[in-house]
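Asker: For reference, the structure I am asking about is given below.
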Amino acid sequence: MIFVTVGSQLPFDRMIQAVDEVAPLLQGKEVIAQVFGMKYQPKNIKTLDYIAPKDFRSYVESAELIISHAGTGTILSVAQLQKPMIVFPRLGKLKETRNNHQIDTCVRLEQITRLQVAYDKAQLEEKIKLFLKGQLPVMEKVPAHASAQMLNSIRDFIQPQRQDIIAVPQL
Amino acid sequence: MKILAVASGGGHITELLRLQPAFEDQELIYMSTHESFASSCKGFPFYTVPDFSRWNAFKIPMVAWKMYRLFKKIKPDVVVTTGAAPGVLALFIGRLLGSKTIWVESLCHAEKVSVSGKMCELFADRVYTQWAHLATPKIVYAGNIMI
């Protein structure tokens, strides 16, 4: 099964349409898409309007490929499970989100991880062909928590080390 | 110490949950904008407040009042948030009531600090960015929530 998700906040018909049009390439594999406020009528894929967070994980777990908008929530959950994933960033100028932050994040993440990004339908088609050949790179496994540097910094800020505040009594 | 961790749905709460080890020895309480995230925060007290964004800002007084009453009850020592708009309000109310306040800018603001982040810079005790190139004397970079 191929799982497609647009996140829980805004519609993203351009991505759903791209997946729907590319779907015949997928050799009969079932495609299930979680959509939001969709006006487009898909022909080749099955859609669901809402998935509870606890069910979301089981869809991701049972999928062989995840195609998603470039939301950090999905990228992090999928990377933790080490699943093949293609992200399709929303464009600010098409009002798919309020600005180009998804594109910016993808460009930056591509530099530091193996995140697979399709910036348009042609690239989505290419990446899907790679996946069918078993050649789509999988993003690095991310740990379950934030980096130690970040956790330590927050911990220190919340509770500064005791010795800093113990005053030496003056005799 | 009582830590109140606040985030909207989706990526915001996913990022917030990844900070959990930083609060290990503290009393941790979560607050989000939808009941369905309670399952992600299992084992901790969980409160919901209505969601709003800058596009339906008329909801702010109502959400602020609900938050204020919850904050009076919870009495957090620290308020920490990964956004979005309700997180800004939570920090503001936290600050008014004397809590230490921490804004963690979301990973998805990779090219510039968000409007919310800039607002929090004005009153929060600590603002983090997750990208080294966005750090300033007032905005701290200390790694990210991903790797």
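Identifiers in the structure tokens: chain A, B, ... in order shown; residue index from 1 per chain; ligand index from 1 in order shown.
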Could the residues of chain B within 7 Å of chain A, counting only C-alpha atoms, be given as a PyMOL selection string, please?

Answerer: chain B and resi 10-11+14+18-19+21-23+36-37+108-111+142-147

Asker: Which residues come within 12 Å of Gly98 in chain B, counting only C-alpha atoms, excluding same-chain residues fewer than 6 positions away, as a PyMOL selection string?

Answerer: chain B and resi 71-72+75-79+91-92+123-125

Asker: Kindly indicate which residue among A:Ser58, A:Ser68, A:Gly92, A:Asp20 lies nearest to Gln34 in chain A, using only C-alpha atoms for the distances.

Answerer: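 Comparing A:Ser58, A:Ser68, A:Gly92, A:Asp20 against Gln34 in chain A, the winner is A:Ser68.
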
Asker: Could you write out, as a ChimeraX atom specification, all the residues of range 8-167 of chain A that DSSP marks as alpha helix (DSSP H)?

Answerer: /A:13-22,53-62,72-81,101-112,121-132,148-158

Asker: Tell me, which residues of range 1-162 of chain A carry DSSP strand (DSSP E or B), written as a ChimeraX atom specification?

Answerer: /A:2-5,31-34,46-48,65-69,85-88,117

Asker: Please measure the separation of CA of Leu17 in chain B and CA of Trp55 in chain B, giving the value in Å to one decimal.

Answerer: 26.3 Å

Asker: What does the distance from CA of Lys43 in chain A to CA of Glu21 in chain A come to in Å, to one decimal?

Answerer: 8.3 Å
